[in-house]
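One structure is given here, and the rest of the page talks about it.
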Amino acid sequence: MTESRQIDSLWLGADLVTMRDGRYHIISDGALAVEAGELIWVGPRAEMPAFRPRHQHRFDGGILTPGLIDCHTHLVFGGDRSAEFEQRLNGVSYADIAAQGGGILSTVHATREASEEQLVASARWRLQRLLAEGVTTVEIKSGYGLDESSELRMLSAIRRLGESVPADVVATCLAAHAFPPEFKQHPDGWVDLVCERILPQVKANGLADAVDAFCEHLAFSPAQVARVFDKAAELGLPVKLHAEQLSSLGGARLAASYGALSADHLEYATEEDARAMGERGTVAVLLPGAFYLLRETQRPPVALFRQHKVPMALASDANPGTSPALSLRLMLNMGCTLFGMTPEEALAGVTLWGAKALGLQHTHGSLEAGKVANFVHWPLARPAELAYWLGGELPCTVIYRGEAQ
Ligand SMILES: [Zn+2]
C-alpha cells in the first residue's frame, strides 16, 4: 500500500473549468489538491491519488475557474471625473471642459495633490469591487503623476495596495501616458526625464514590473515610444503599449518588434499588426469599457487576431476618464456583445491570456499542477454564464493562494 501524502487542502464537488491552453477543458467532478498555496494535483476525483488533507472542502456542484485576472487598469488616481461626465451630458462641450482644466489634466492635478495614503485608500474600495467578483490578479499603472515624485509615489501606492489585499498586484510604470503641462512646449524633454531619471529609479527600487506608454497622435509618437522601450530594455524591464486606439500608427507592430508582453486597445490594428503580434506572442488586450464609454464604432479586428493566432485578453481599463469600470465580469459580456468574442475566448481573456499579458502564464491563469492556487467557485451550471449575465455580482467563493476569502 502506498503512503498517502499530507497536503494543506483538498477541494471537491465541482466541475473544473481548467482553461488549459486557453480553452475550457472541463473536468467533470474534479479535485484540486493544494500545498503551500500551490496546486499540486488537478484532475478527475476518480483518478485522484491518496491524500491526507488538513482541510477538505466539498462544494455542492457548480464550477471552479482560475482566479480572474484584470491585466490592464489605472485604479490608482486622485479625484474622479463624474462631474465632467455630468457636464458633458448636460451639453457642455469637450473644448469647454478642457478650457476649465478638465480631462486627464484634472486627474493629474488631483493625483499630484494626493498623499500616498490617500491614493491607497481611494484605490482600495475600487480594487475591492473587482476582487469581490473573482479577480485574484490585477495590474495597475501609474501615469497620472506626470512628474518624477508623483509617478514614483503612484507606483509606491500600487506596491502598498499589493501588500494589503488578497490578490497578486502587478505594477506598471506608465510615465509616458501624456505630456505634463510643464512640458507642453518641449515634449521630448519629458521623454528625456522618463528615460534618464524615472525609469532608472523605478528599476533600482523595484517599483514596477513592466513599462507602458500611450502611442497616439495626441500622445507619444512611435519614435518617442521607441526611446522609452530602448531604455526599458536596457534596464531589463518588459514592455507593453496602448496602441491603435484612435488611429493606426504602427504602435502594435513596434511593440511586437520589442517582444512586448501586450499591445492594448487595438481598435485600428491592421493585418500587418496582427501578423507581427502573432509571430512574437504579443497578447492583444481588448478594452470594451473605453470603446463603450467613448461610443466608438471601429471594433478591434478579432477575426485577424484569431487568424494570426494572437492570444486575446480582456481587461477593465478601470480609469476615471474613459472607463470607470468596477466589474471585470461585465467586460466579459461586453467583449462578447460588442467585439464578437465567444464566451470561451472571453474567459480565456481574463485567465490564461490575461496572465500572459503580464508575463505570468507559467504560474497563473489556469488550473494546472504547479500553478498558484488562485481559483473561484461559482454555483453555476456552465462557464458561459460568466459572460452571459449582464452586470450584477454573481455568487462566488474566491480562493487566494489556497485560502478561502
Ligand atoms: Zn489604459
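In the C-alpha cells, chains take the letters A, B, ... in the order shown, each chain's residues start at 1, and ligands count up from 1 in the order shown.
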Next item on the list: Report the residues of segment 80-233 of chain A whose backbone DSSP state falls under alpha helix (DSSP H), written as a PyMOL selection string.
Entry: chain A and resi 82-89+94-99+104-113+116-132+148-164+187-193+199-204+222-233
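Around ligand 1, the neighbouring residues within 10 Å, taking only C-alpha atoms and all ligand atoms, come to His72, Thr73, His74, Ile140, Lys141, Gly143, Leu174, His177, Asp212, Ala213, Phe214, Leu241, His242, Ala243, Gln245, Asp264, His265, Val285, Leu287, Ala290, Ala315, Ser316, Asp317, Ala318, Asn319, Thr322 and Ser323 of chain A.
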Please, could you write that set of residues out with C-alpha atoms as an mmCIF file, in the first residue's frame?
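Written file, again_13.cif:
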data_model
loop_
_atom_site.group_PDB
_atom_site.id
_atom_site.type_symbol
_atom_site.label_atom_id
_atom_site.label_comp_id
_atom_site.auth_asym_id
_atom_site.auth_seq_id
_atom_site.Cartn_x
_atom_site.Cartn_y
_atom_site.Cartn_z
ATOM 1 C CA HIS A 72 -4.955 46.499 -17.582
ATOM 2 C CA THR A 73 -6.181 49.035 -15.037
ATOM 3 C CA HIS A 74 -5.499 52.574 -13.889
ATOM 4 C CA ILE A 140 -2.300 48.777 -12.005
ATOM 5 C CA LYS A 141 -0.482 51.503 -13.910
ATOM 6 C CA GLY A 143 0.599 57.689 -15.360
ATOM 7 C CA LEU A 174 3.139 54.482 -17.447
ATOM 8 C CA HIS A 177 0.894 58.332 -20.581
ATOM 9 C CA ASP A 212 3.944 51.035 -20.717
ATOM 10 C CA ALA A 213 3.338 54.038 -22.976
ATOM 11 C CA PHE A 214 0.466 55.612 -24.905
ATOM 12 C CA LEU A 241 1.800 49.600 -25.195
ATOM 13 C CA HIS A 242 -1.501 51.461 -25.537
ATOM 14 C CA ALA A 243 -1.716 51.258 -29.318
ATOM 15 C CA GLN A 245 -6.924 53.012 -30.044
ATOM 16 C CA ASP A 264 -3.710 47.166 -25.725
ATOM 17 C CA HIS A 265 -6.898 48.721 -27.199
ATOM 18 C CA VAL A 285 -5.561 43.238 -24.706
ATOM 19 C CA LEU A 287 -10.804 47.025 -23.594
ATOM 20 C CA ALA A 290 -13.439 52.519 -23.133
ATOM 21 C CA ALA A 315 -9.497 43.925 -19.168
ATOM 22 C CA SER A 316 -11.461 46.626 -17.382
ATOM 23 C CA ASP A 317 -9.094 49.528 -18.212
ATOM 24 C CA ALA A 318 -10.580 50.916 -14.978
ATOM 25 C CA ASN A 319 -9.763 54.635 -15.118
ATOM 26 C CA THR A 322 -12.779 56.707 -20.360
ATOM 27 C CA SER A 323 -13.658 53.532 -18.445
#
Item checked: Contacts of Val398 of chain A within 8 Å, only C-alpha atoms, excl. fewer than 6 positions in-chain, as a list in words ->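 Surrounding residues, per the criterion: Gly67, Ala132, Gly134, Thr136, Asn374, Phe375, Val376, His377, Ala404 and Gln405 of chain A.
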Check: Of the candidates A:Thr342, A:Ser248, A:Ser257, A:Ser82, which shows the shortest atom-to-atom distance to Ala269 of chain A, using only C-alpha atoms?
Finding: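 Counting only C-alpha atoms, the residue closest to Ala269 of chain A is A:Ser248.
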Next item on the list: Do a neighbour search on Asp147 of chain A at 10 Å with only C-alpha atoms, toss out local chain neighbours closer than 5 positions, and write the hits as a list in words.
Entry: Val108, Arg112, Leu152, Arg153, Ala175, Phe179, Pro180, Pro181, Glu182, Trp190, Leu193, Val194 and Ile198 of chain A
How close does segment 318-365 of chain A get to segment 18-37 of chain A? List, as CSV, each residue of segment 318-365 of chain A within 12 Å, its nearest atom pair and the distance in Å to one decimal, counting only C-alpha atoms.
residue,atom,partner,partner_atom,distance
A:Thr342,CA,A:Arg23,CA,11.1
A:Pro343,CA,A:Tyr24,CA,9.9
A:Glu344,CA,A:Tyr24,CA,6.5
A:Glu345,CA,A:Gly22,CA,7.5
A:Ala346,CA,A:Gly22,CA,9.8
A:Leu347,CA,A:Met19,CA,8.1
A:Ala348,CA,A:Gly22,CA,5.0
A:Gly349,CA,A:Gly22,CA,8.1
A:Val350,CA,A:Gly22,CA,9.9
A:Thr351,CA,A:Met19,CA,7.3
A:Leu352,CA,A:Gly22,CA,5.8
A:Trp353,CA,A:Gly22,CA,7.0
A:Gly354,CA,A:Gly22,CA,10.1
A:Ala355,CA,A:Gly22,CA,10.6
A:Lys356,CA,A:Gly22,CA,10.5
A:Gln361,CA,A:Asp21,CA,10.1
A:His362,CA,A:Arg20,CA,11.2
A:Thr363,CA,A:Gly37,CA,11.6
A:His364,CA,A:Met19,CA,10.7
A:Gly365,CA,A:Met19,CA,7.5
Next item on the list: Compile the contact shell of segment 224-240 of chain A as a PyMOL selection string: residues with an atom at most 10 Å away, counting only C-alpha atoms, same-chain residues fewer than 2 positions apart removed.
Entry: chain A and resi 172-176+187-188+190-192+194-196+199-200+202-204+208-216+219-222+242-243+251-252+254-256+258-264+282-283+285+357-359
Check: Leaving out Val135 of chain A and any residue of its chain fewer than 2 positions from it, which residues lie within 7 Å of it when counting only C-alpha atoms, given as an MDAnalysis selection string?
Finding: chainID A and resid 67:70 130:131 133 137
Keeping only N, CA and C atoms, write those residues as a CSV table (one decimal), in the first residue's frame.
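Saved the output as selection11.csv:
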chain,number,residue,atom,x,y,z
A,67,GLY,N,-8.7,31.9,-10.8
A,67,GLY,CA,-9.0,33.3,-10.4
A,67,GLY,C,-8.9,34.2,-11.6
A,68,LEU,N,-9.8,35.2,-11.6
A,68,LEU,CA,-9.8,36.1,-12.8
A,68,LEU,C,-8.6,37.1,-12.7
A,69,ILE,N,-8.2,37.5,-13.9
A,69,ILE,CA,-7.0,38.4,-14.0
A,69,ILE,C,-7.4,39.6,-14.8
A,70,ASP,N,-7.3,40.8,-14.1
A,70,ASP,CA,-7.5,42.1,-14.8
A,70,ASP,C,-6.2,42.6,-15.2
A,130,LEU,N,-13.5,44.7,-7.6
A,130,LEU,CA,-13.0,43.7,-8.6
A,130,LEU,C,-12.8,42.4,-7.9
A,131,LEU,N,-12.2,42.5,-6.7
A,131,LEU,CA,-11.8,41.2,-6.0
A,131,LEU,C,-13.1,40.5,-5.6
A,133,GLU,N,-15.7,40.0,-7.1
A,133,GLU,CA,-16.3,39.2,-8.2
A,133,GLU,C,-15.3,38.2,-8.8
A,137,THR,N,-5.8,38.5,-9.5
A,137,THR,CA,-4.6,39.2,-10.0
A,137,THR,C,-5.0,40.4,-10.8
Item checked: atom CA of Ala98 of chain A to atom CA of Glu86 of chain A, straight-line distance in Å ->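 Atom CA of Glu86 of chain A sits 14.3 Å away from atom CA of Ala98 of chain A.
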